[in-house]
Amino acid sequence: MFDIAVIGAGVIGGTILRELTKYDLNVIMLEKESDVCMGQSKANSGIVHAGFDAIPKTNKAKFNKLGAEMMRDYCSQLGVKYLNNGSLVIAFEEEQLNTLHDLLKRGQENQIKDLSIIDSEELFKLEPNLSKKAIGALYAKSAGIVCPYELTIASIGNAMDNGAKLELNFEVSKITKTENGYVITSSNGKEIESKLIINCAGYGSQKIANLVGDFSFKIGARRGEYILLDRESKDFVSHTIFCTPTKRGKGILITQTVDGNILLGPTAEEIENNETITTSNGLNIIKDTASSMAQNVPFYNTITSFSGVRAYCDKHDFIIEESKVAKSFINVAGIESPGLTSAPSISKFVVEELVSKHFTLNENINFNGIRKPDYFFNRLSNEEKNELIKKDSTYGNIVCRCEKITEGEIIRAVKENPKATTIDGVKRRTRAGMGRCQGGFCQPRVAEIIANTLNLPLESITKSGGKSNIIIGRTK
Amino acid sequence: MYELVIIGGGPAGLAAAISAYDNGVKNLIIIEREDSLGGILNQCIHNGFGLQRFKESLTGPEYANRFIEGVLERNIPYKLNTTVLSLTKDKQITAINKTDGIFTITAKAVVLAMGCRERSKGALNISGTRPAGLYSAGTCQKYVNIKGYMPGKNVIILGSGDIGLIMARRMTLEGAKVHAVCELMPYSSGLKRNISQCLDDFNIPLLLSHTITEIEGKDRVSGVKIAKVDENKKPILSTEVHYDCDTVLFSVGLIPENELSKDAGVELSPKTKGAVVYENRETSVEGIFACGNVLQVHDLVDFVSEEAELTGKAVAEYIKNGEKARDVINATNGKNVSYVLPQKIDKNAEKYVKLFFRVNGSYKNAKITLKSGDKIILEKTKNIVVPGEMENLILPINLIKNLNDDIILNVEV
């Protein structure tokens, strides 16, 4: 019997799981996919929003401000890359300047610091590659960027290091109320008992809530497509560049990523399921919009395009509360943008304000919130790297030449929490295969390292679980 | 301190090392990231290598071996499994391997011989899903020829570059069905002999002016849509046809791997994506030379060896005599020509200069003319020129000496 089951291994579930392990609680995470971070958290813009956009007094406004303030420290504990690069909302027409002033006012109401409206002269000093049509911008110095999958994986890994359990391939199909809590049944017949459930299932959170008779909210999905440019174009922009928002949302942005790529997107297309295809229409919209925002966008440096799902909620605000119809069942749903930014503050609130109503929060004296700072080899000094190579020579063998990822890092990703078992799992944990050749050189080696480390035949290694095997057998 | 460090132990690095050694450079080392010398030739187990140079048809490993033996006979030192992490313009090289860790060495001269990489599927922005079963042709070649594994059985190939053509045949011989090779352009970028020996001989259709418009399949690729393209290379959606497949191979171009060159501040050509070089293959940074596919993507390894030997000799001369004073003429590409190399020619060159170039389309009865100012100073005709085959024009030494203006190469059709 677990105290708490967290359903959904995204950034919200992950940060809540980690927060829970700070206390003497027996917790488990349930995830329907074969790896953590397989939904919304793996493919989004990675923006730490300053907090001027949210409507005052909403959950979004509250958690955005707190989350943005917590993010730097949160990331540094977990060894997750975070960069305070600032954001710019650009006006290209006179009337958009009015919207910027509205945003500034809203930001001030939300108590966001370091907001200002700048003119085109100052703007071009900050971002010389912007379209000459730009006439001014709302500059938010406190905005930043973070790697969303790194944050998710590190949170879950740290929670597991502190005692949390993880159950993958567990698609919740039935939840039965018992005297002490719930029995959660997976589609392949596994059962887990827990006193309390936290529903962080993202796109699937409506379905999970429905299983306990909670029909209080509806979740829909939008698809967001992106184009990613090579690190060679890193300096094309340094801030996160937004267009002036319209009723349809924040629209397409241009931003640096924490790894030095340039990310363009997302589109926002209503979809019936959570299929994350890319479309020629979507990619053209990104190209056209980005080209109207900036001059000579280096599309020739495109290394990949991808798309991610965005769950949105008919309430248009975060739902963070115990269900009104099911006791000991907490919904953390409708976590639209700025959900990533808000993850640290949401998780703290969920545990300290909601979970605390059901459990006495006794501190876990063994909790260690610090992930090893050497988690990413590339960030070590040469002396530190050589220390590590002396201890374990696999750190001297570069496998991914584009991102300079070593065999040692890949082996660690396979061995350490949450363990990678797929090519994409290794990619998200180490960046092997994320670079300009997109795994052309390293994929066969990565597959071999996974197979050897797990003592499995190469035929069983998949790209991303299921039947995504990379080879079908031996040659003649 | 080394006299010479050669980055890359493939065909270019090996030939450059031997040539530099034979011209007097004894304090040198080759740095190779893979676990054996020979570079990409190791996975090219088909034959057809060496026809120009050795007048016989060798496999890739056989061709490589002739040069590896040359390196071993001369006791030229080399480090395997060693990746160069950075190169400075002062020719400081920082590298990493399992036994030495991270170490820095300095050289009087450097030869860049890192080769090229394949353009990835990701760069193409093809619509659809991103399942398993999508490989660059070279990755597939590595699985099949080096690792002994089959990536799939029902194959579609996008791009008719040489590796794609070779893999069409290879997969067929291994029992796979290659349904089609589609090529965006109205002509193939591969060698004529490969189209005949790898596609025609196996009845594999080559769909010119076609492209993949969509990739289907959730876990593993289950099919693609292929459409004709118009003269602007835009797909004509009414011509879209679905093909079932479990594997898609991409052979959509090779890109010289110049990340280290950029580190060192070497000037690159946007046309070749390789260094801008003098006729002796010295780059814009004194003492840093480049040869092979890191400089320009060659069709035949025979020409790589030739270029590397020229480079090795020039490096030896540089190490002995230092940078030479030059009187430079610029060479540029004109009508119907996509690039020329070398881009800079010293009027005091000691030997004739082979001006390499590629045309930007398929032309019959092409008149190749070299202009200096308004004057045509050299011309020759060819029955047919295609982008897939590198051409060259020999500039005799007397002609170079008397040049007054920059030269432009045109192909009149």
# chains A, B, ... in the order shown; residues from 1 in each chain; ligands from 1
>>> closest_atom_pairs(of="chain B", to="chain A", cutoff="7 Å", atoms="only C-alpha atoms", output="Markdown table")
| residue | atom | partner | partner_atom | distance |
| --- | --- | --- | --- | --- |
| B:Asn81 | CA | A:Asn397 | CA | 6.9 |
| B:Thr83 | CA | A:Ile398 | CA | 6.6 |
| B:Ile96 | CA | A:Gly396 | CA | 5.9 |
| B:Asn97 | CA | A:Gly396 | CA | 4.5 |
| B:Lys98 | CA | A:Gly396 | CA | 4.1 |
| B:Thr99 | CA | A:Ser393 | CA | 7.0 |
| B:Gly101 | CA | A:Asn386 | CA | 5.4 |
| B:Ile102 | CA | A:Asn386 | CA | 6.2 |
| B:Glu118 | CA | A:Cys437 | CA | 6.9 |
| B:Arg119 | CA | A:Cys437 | CA | 6.8 |
| B:Ser120 | CA | A:Cys437 | CA | 5.7 |
| B:Gly122 | CA | A:Thr304 | CA | 3.8 |
| B:Ala123 | CA | A:Ile303 | CA | 4.6 |
| B:Asn125 | CA | A:Ser305 | CA | 5.9 |
| B:Ser127 | CA | A:Thr279 | CA | 4.5 |
| B:Gly128 | CA | A:Ile277 | CA | 4.7 |
| B:Thr129 | CA | A:Ile277 | CA | 4.6 |
| B:Pro131 | CA | A:Ser468 | CA | 6.9 |
| B:Ala132 | CA | A:Ser468 | CA | 5.2 |
| B:Gly133 | CA | A:Ile470 | CA | 6.1 |
| B:Ser136 | CA | A:Gly440 | CA | 6.3 |
| B:Thr139 | CA | A:Gly440 | CA | 5.6 |
| B:Tyr143 | CA | A:Pro444 | CA | 6.8 |
| B:Val144 | CA | A:Thr475 | CA | 6.6 |
| B:Gly148 | CA | A:Thr475 | CA | 5.4 |
| B:Tyr149 | CA | A:Arg474 | CA | 4.3 |
| B:Met150 | CA | A:Thr475 | CA | 5.3 |
| B:Pro151 | CA | A:Ile471 | CA | 4.1 |
| B:Gly152 | CA | A:Ile472 | CA | 5.8 |
| B:Glu174 | CA | A:Lys476 | CA | 6.1 |
| B:Asp219 | CA | A:Ser468 | CA | 4.3 |
| B:Arg220 | CA | A:Ser468 | CA | 4.8 |
>>> residues_around(residues="region 352-359 of chain A", least_positions_apart="4", cutoff="9 Å", atoms="only C-alpha atoms", output="PyMOL selection string")
chain A and resi 3-4+20+25+196+320-322+328+330+347-348
>>> atom_distance(atom1="CA of Cys245 (chain B)", atom2="CA of Gly159 (chain B)")
16.2 Å
>>> residues_around(residues="Ser187 (chain A)", least_positions_apart="2", cutoff="10 Å", atoms="only C-alpha atoms", output="JSON, numbers by chain")
{"A": [32, 169, 170, 171, 172, 173, 174, 185, 189, 190, 191]}
>>> select_by_dssp(residues="region 119-343 of chain B", states="strand (DSSP E or B)", output="ChimeraX atom specification")
/B:127-128,132,134-136,149-150,154-158,177-183,206-208,210-216,220,223-229,235,241-244,247-250,254-256,268,275,278,282,288-290,328-333,337-341
>>> closest_residue(among="B:Pro387, B:Val337, B:Gly322, B:Val155", to="Met185 (chain B)", atoms="only C-alpha atoms")
B:Pro387
>>> residues_around(residues="Asn162 (chain A)", least_positions_apart="2", cutoff="12 Å", atoms="only C-alpha atoms", output="VMD selection string")
chain A and resid 17 to 28 155 to 160 164 to 166 364 to 371 417 to 418
>>> atom_distance(atom1="CA of Val48 (chain A)", atom2="CA of Leu380 (chain A)")
25.0 Å
>>> residues_around(residues="Val328 (chain B)", least_positions_apart="4", cutoff="10 Å", atoms="only C-alpha atoms", output="ChimeraX atom specification")
/B:278,343-349,403-406
>>> residues_around(residues="Ser261 (chain B)", least_positions_apart="4", cutoff="8 Å", atoms="only C-alpha atoms", output="PyMOL selection string")
chain B and resi 87+112+265-266+275
>>> write_last_selection(atoms="N, CA, C and O atoms", output="compact mmCIF listing (two decimals), in the first residue's frame")
# COMPACT_ATOMS: atom_id res chain seq x y z
N LEU B 87 40.58 23.15 -31.87
CA LEU B 87 41.78 23.54 -32.61
C LEU B 87 41.82 25.05 -32.60
O LEU B 87 40.81 25.71 -32.84
N LEU B 112 43.82 19.35 -41.98
CA LEU B 112 42.45 19.01 -41.67
C LEU B 112 42.01 17.92 -42.64
O LEU B 112 42.04 18.12 -43.85
N GLY B 265 39.20 29.53 -36.88
CA GLY B 265 39.05 30.76 -37.66
C GLY B 265 39.36 30.61 -39.13
O GLY B 265 39.63 31.58 -39.83
N VAL B 266 39.30 29.37 -39.64
CA VAL B 266 39.56 29.13 -41.06
C VAL B 266 38.38 29.66 -41.88
O VAL B 266 37.22 29.40 -41.57
N ALA B 275 36.98 24.70 -46.56
CA ALA B 275 37.86 25.86 -46.46
C ALA B 275 38.09 26.49 -47.83
O ALA B 275 38.04 25.82 -48.86
>>> select_by_dssp(residues="region 263-337 of chain B", states="helix (DSSP H, G or I)", output="list of chain:residue names")
B:Asp263, B:Gly292, B:Asn293, B:Val294, B:Val301, B:Asp302, B:Phe303, B:Val304, B:Ser305, B:Glu306, B:Glu307, B:Ala308, B:Glu309, B:Leu310, B:Thr311, B:Gly312, B:Lys313, B:Ala314, B:Val315, B:Ala316, B:Glu317, B:Tyr318, B:Ile319, B:Lys320, B:Asn321
